[in-house]
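J.: I have a structure here, written as structure tokens, and I will follow up with some questions on it.
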Amino acid sequence: MKPTFGNRLKWASKFFTHGRKIASLTPSSRWLSGAMCRDVDPTQPQVILELGAGMGPVTSAVLERMHPESTLIAVELDPELHAVARHRCPGADVVLGSAVEIDEILDQRSVDQVDCFLSCLPTPSLPQKVNQCVIDAWRRRCTSGVFTQITQIPWYYWSMYSRVFHHVEFKLVTLNAPPAGVYHCRDLRDDYATLERLPGKPN
Ligand SMILES: C[S@@+](CC[C@H](N)C(=O)[O-])C[C@H]1O[C@@H](n2cnc3c(N)ncnc32)[C@H](O)[C@@H]1O
């Protein structure tokens, strides 16, 4: 189900009022959402976690691709966006909450490990302590060892992610308007938690 015209307007008004917390002028296109699903495996059950679901375009793309016995937990901070994603994606467990609560959210569902860890968060604009919390949870919980991160500005944050991970791949999505992309990061650096390496705003 595509976002309605009214929902697109709602998104745009949130962008103009909250700016960096929302990070993109429009919800992700199906091409960008599809690129986020690179490691979603239709052939076997997985636990998939998405952070920053917004109105659910990536959530929806994951639902279409994932194995029928997979579990998708999608977390969104904004109550209005959460309500839209929840309505749009009944097959997902769409949680109203913050990425800093990942451990509580997973523990409440008796989920120890996550196979696919997808971040749609506006990582560069978040406080460093939020990003540290997210990366720590990824390190402890994610079995695939891949940290997947959406971006609205192609390549711009390459060096930022390279300060945290040894290996960073970037997939450009030219069909998204404007062109955007997805980072696939692995191999966390031992000293990633030092302040000059952590993405985000100083605490
Ligand atoms: C760039 S948008 C991505 C939305 C959607 N996944 C898409 O691709 O269109 C970032 C989303 O992260 C949400 N967000 C920001 N901070 C958050 C946090 N601490 N925890 C959970 N979601 C957060 C915002 O409300 C927004 O919906």
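Here, A, B, ... name the chains of the structure tokens in the order displayed, residue numbers run from 1 inside each chain, and ligands are numbered from 1 in the same displayed order.
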Ligand 1: which residues are within 6 Å, counting only C-alpha atoms and all ligand atoms, as a list in words?
T.: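 The residues near ligand 1 are Lys21, Ile22, Ala23, Ser24, Pro27, Ser28, Leu51, Gly52, Ala53, Gly54, Met55, Gly56, Pro57, Val58, Val75, Glu76, Leu77, Asp78, Ser98, Ala99, Cys120, Leu121 and Pro122 of chain A.
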J.: Selection from above, C-alpha atoms, as a short mmCIF file (atom, residue, chain, number, x, y, z; two decimals), in the first residue's frame, can you write it?
T.:
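What follows is the written file result34.cif:
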```cif
data_model
loop_
_atom_site.label_atom_id
_atom_site.label_comp_id
_atom_site.auth_asym_id
_atom_site.auth_seq_id
_atom_site.Cartn_x
_atom_site.Cartn_y
_atom_site.Cartn_z
CA LYS A 21 14.91 14.43 13.10
CA ILE A 22 13.02 13.36 9.97
CA ALA A 23 15.93 13.85 7.54
CA SER A 24 14.17 13.40 4.22
CA PRO A 27 9.28 8.86 2.44
CA SER A 28 11.71 6.41 0.80
CA LEU A 51 14.78 1.46 13.38
CA GLY A 52 13.03 4.67 12.28
CA ALA A 53 10.10 3.18 10.37
CA GLY A 54 8.49 6.53 9.51
CA MET A 55 5.37 5.83 7.46
CA GLY A 56 6.59 2.33 6.70
CA PRO A 57 7.95 2.19 3.12
CA VAL A 58 10.94 0.06 4.13
CA VAL A 75 10.47 0.99 15.82
CA GLU A 76 9.28 4.57 15.28
CA LEU A 77 9.53 7.52 17.68
CA ASP A 78 6.86 9.84 16.26
CA SER A 98 12.92 5.09 20.65
CA ALA A 99 15.95 3.35 19.26
CA CYS A 120 16.60 4.27 8.81
CA LEU A 121 17.52 6.62 11.65
CA PRO A 122 18.81 10.13 10.93
#
```
J.: Each residue of segment 128-194 of chain A lying at most 10 Å from segment 31-37 of chain A should get a row with its shortest atom-to-atom pair and the distance in Å to one decimal, counting only C-alpha atoms; could you produce that, ordered by chain and increasing number, as CSV?
T.:
```
residue,atom,partner,partner_atom,distance
A:Thr148,CA,A:Met36,CA,7.1
A:Gln149,CA,A:Met36,CA,7.8
A:Ile150,CA,A:Met36,CA,7.1
A:Thr151,CA,A:Leu32,CA,9.4
A:Gln152,CA,A:Leu32,CA,9.6
A:Lys171,CA,A:Ala35,CA,7.6
A:Leu172,CA,A:Leu32,CA,8.8
A:Val173,CA,A:Leu32,CA,6.0
A:Thr174,CA,A:Trp31,CA,8.6
A:Leu175,CA,A:Trp31,CA,6.5
A:Asn176,CA,A:Leu32,CA,6.1
A:Ala177,CA,A:Leu32,CA,9.5
A:Pro179,CA,A:Leu32,CA,8.8
A:Ala180,CA,A:Leu32,CA,7.1
A:Gly181,CA,A:Leu32,CA,6.6
A:Val182,CA,A:Met36,CA,6.5
A:Tyr183,CA,A:Met36,CA,8.9
A:His184,CA,A:Met36,CA,9.1
```
J.: Do a neighbour search on segment 105-111 of chain A at 12 Å with only C-alpha atoms, toss out local chain neighbours closer than 2 positions, and write the hits as a PyMOL selection string.
T.: chain A and resi 46-51+71-76+93-103+113-115+137-138+141-142
J.: Go ahead and dump the residues you just picked, C-alpha atoms, as a tab-separated table (two decimals), in the first residue's frame.
T.:
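Contents of the output file out.tsv:
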```tsv
chain	number	residue	atom	x	y	z
A	46	GLN	CA	14.74	-14.44	10.14
A	47	VAL	CA	14.25	-11.87	12.86
A	48	ILE	CA	14.47	-8.43	11.25
A	49	LEU	CA	14.73	-5.15	13.16
A	50	GLU	CA	14.08	-1.79	11.52
A	51	LEU	CA	14.78	1.46	13.38
A	71	THR	CA	9.44	-11.69	12.32
A	72	LEU	CA	9.72	-7.98	11.60
A	73	ILE	CA	9.96	-5.50	14.47
A	74	ALA	CA	9.89	-1.87	13.36
A	75	VAL	CA	10.47	0.99	15.82
A	76	GLU	CA	9.28	4.57	15.28
A	93	ASP	CA	5.21	-5.54	14.90
A	94	VAL	CA	5.37	-1.73	14.64
A	95	VAL	CA	6.46	-0.34	18.00
A	96	LEU	CA	6.06	3.22	19.24
A	97	GLY	CA	9.36	3.91	20.94
A	98	SER	CA	12.92	5.09	20.65
A	99	ALA	CA	15.95	3.35	19.26
A	100	VAL	CA	17.55	3.76	22.69
A	101	GLU	CA	15.01	1.25	24.00
A	102	ILE	CA	16.07	-1.56	21.65
A	103	ASP	CA	17.07	-3.86	24.48
A	113	GLN	CA	19.22	-12.10	18.44
A	114	VAL	CA	18.44	-10.29	15.22
A	115	ASP	CA	19.43	-11.58	11.78
A	137	ALA	CA	22.84	-3.20	20.56
A	138	TRP	CA	23.78	-4.12	16.97
A	141	ARG	CA	22.42	-8.77	18.99
A	142	CYS	CA	23.04	-8.94	15.23
```
J.: As a PDB file with N, CA and C atoms, in the first residue's frame, please: all residues of segment 27-135 of chain A that backbone DSSP puts in strand (DSSP E).
T.:
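Saved to out_18.pdb:
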```pdb
ATOM      1  N   VAL A  47      14.774 -12.960  12.047  1.00  0.00           N
ATOM      2  CA  VAL A  47      14.252 -11.867  12.858  1.00  0.00           C
ATOM      3  C   VAL A  47      14.873 -10.594  12.280  1.00  0.00           C
ATOM      4  N   ILE A  48      14.012  -9.656  11.916  1.00  0.00           N
ATOM      5  CA  ILE A  48      14.466  -8.433  11.252  1.00  0.00           C
ATOM      6  C   ILE A  48      14.056  -7.246  12.114  1.00  0.00           C
ATOM      7  N   LEU A  49      15.016  -6.348  12.365  1.00  0.00           N
ATOM      8  CA  LEU A  49      14.731  -5.151  13.162  1.00  0.00           C
ATOM      9  C   LEU A  49      14.943  -3.928  12.277  1.00  0.00           C
ATOM     10  N   GLU A  50      13.947  -3.057  12.254  1.00  0.00           N
ATOM     11  CA  GLU A  50      14.082  -1.792  11.524  1.00  0.00           C
ATOM     12  C   GLU A  50      13.924  -0.645  12.520  1.00  0.00           C
ATOM     13  N   LEU A  51      14.849   0.291  12.495  1.00  0.00           N
ATOM     14  CA  LEU A  51      14.776   1.455  13.381  1.00  0.00           C
ATOM     15  C   LEU A  51      14.438   2.692  12.563  1.00  0.00           C
ATOM     16  N   THR A  71      10.034 -12.673  11.410  1.00  0.00           N
ATOM     17  CA  THR A  71       9.443 -11.686  12.315  1.00  0.00           C
ATOM     18  C   THR A  71      10.063 -10.335  12.002  1.00  0.00           C
ATOM     19  N   LEU A  72       9.215  -9.335  11.841  1.00  0.00           N
ATOM     20  CA  LEU A  72       9.718  -7.978  11.597  1.00  0.00           C
ATOM     21  C   LEU A  72       9.264  -7.056  12.722  1.00  0.00           C
ATOM     22  N   ILE A  73      10.249  -6.485  13.420  1.00  0.00           N
ATOM     23  CA  ILE A  73       9.964  -5.504  14.474  1.00  0.00           C
ATOM     24  C   ILE A  73      10.449  -4.148  13.953  1.00  0.00           C
ATOM     25  N   ALA A  74       9.540  -3.183  13.902  1.00  0.00           N
ATOM     26  CA  ALA A  74       9.885  -1.866  13.358  1.00  0.00           C
ATOM     27  C   ALA A  74       9.604  -0.823  14.429  1.00  0.00           C
ATOM     28  N   VAL A  75      10.592   0.027  14.717  1.00  0.00           N
ATOM     29  CA  VAL A  75      10.472   0.989  15.817  1.00  0.00           C
ATOM     30  C   VAL A  75      10.383   2.410  15.243  1.00  0.00           C
ATOM     31  N   GLU A  76       9.418   3.178  15.726  1.00  0.00           N
ATOM     32  CA  GLU A  76       9.278   4.572  15.282  1.00  0.00           C
ATOM     33  C   GLU A  76       8.958   5.453  16.485  1.00  0.00           C
ATOM     34  N   ASP A  93       5.408  -5.990  13.528  1.00  0.00           N
ATOM     35  CA  ASP A  93       5.214  -5.539  14.900  1.00  0.00           C
ATOM     36  C   ASP A  93       5.774  -4.114  14.948  1.00  0.00           C
ATOM     37  N   VAL A  94       4.908  -3.126  14.720  1.00  0.00           N
ATOM     38  CA  VAL A  94       5.371  -1.733  14.640  1.00  0.00           C
ATOM     39  C   VAL A  94       5.250  -1.106  16.028  1.00  0.00           C
ATOM     40  N   VAL A  95       6.396  -0.763  16.597  1.00  0.00           N
ATOM     41  CA  VAL A  95       6.459  -0.344  18.004  1.00  0.00           C
ATOM     42  C   VAL A  95       6.639   1.164  18.088  1.00  0.00           C
ATOM     43  N   LEU A  96       5.860   1.799  18.963  1.00  0.00           N
ATOM     44  CA  LEU A  96       6.059   3.221  19.236  1.00  0.00           C
ATOM     45  C   LEU A  96       7.124   3.325  20.320  1.00  0.00           C
ATOM     46  N   CYS A 116      18.806  -9.477  10.807  1.00  0.00           N
ATOM     47  CA  CYS A 116      18.935  -8.345   9.887  1.00  0.00           C
ATOM     48  C   CYS A 116      18.702  -7.073  10.674  1.00  0.00           C
ATOM     49  N   PHE A 117      19.638  -6.135  10.645  1.00  0.00           N
ATOM     50  CA  PHE A 117      19.552  -4.915  11.465  1.00  0.00           C
ATOM     51  C   PHE A 117      19.545  -3.726  10.513  1.00  0.00           C
ATOM     52  N   LEU A 118      18.374  -3.102  10.379  1.00  0.00           N
ATOM     53  CA  LEU A 118      18.202  -2.042   9.385  1.00  0.00           C
ATOM     54  C   LEU A 118      17.984  -0.708  10.086  1.00  0.00           C
ATOM     55  N   SER A 119      18.858   0.246   9.848  1.00  0.00           N
ATOM     56  CA  SER A 119      18.687   1.565  10.456  1.00  0.00           C
ATOM     57  C   SER A 119      18.266   2.584   9.405  1.00  0.00           C
TER      58      SER A 119
END
```
J.: Of the residues A:Val62, A:Thr43, A:Asp112, A:Arg8, which is the one nearest to Thr143 of chain A, using only C-alpha atoms?
T.: A:Asp112
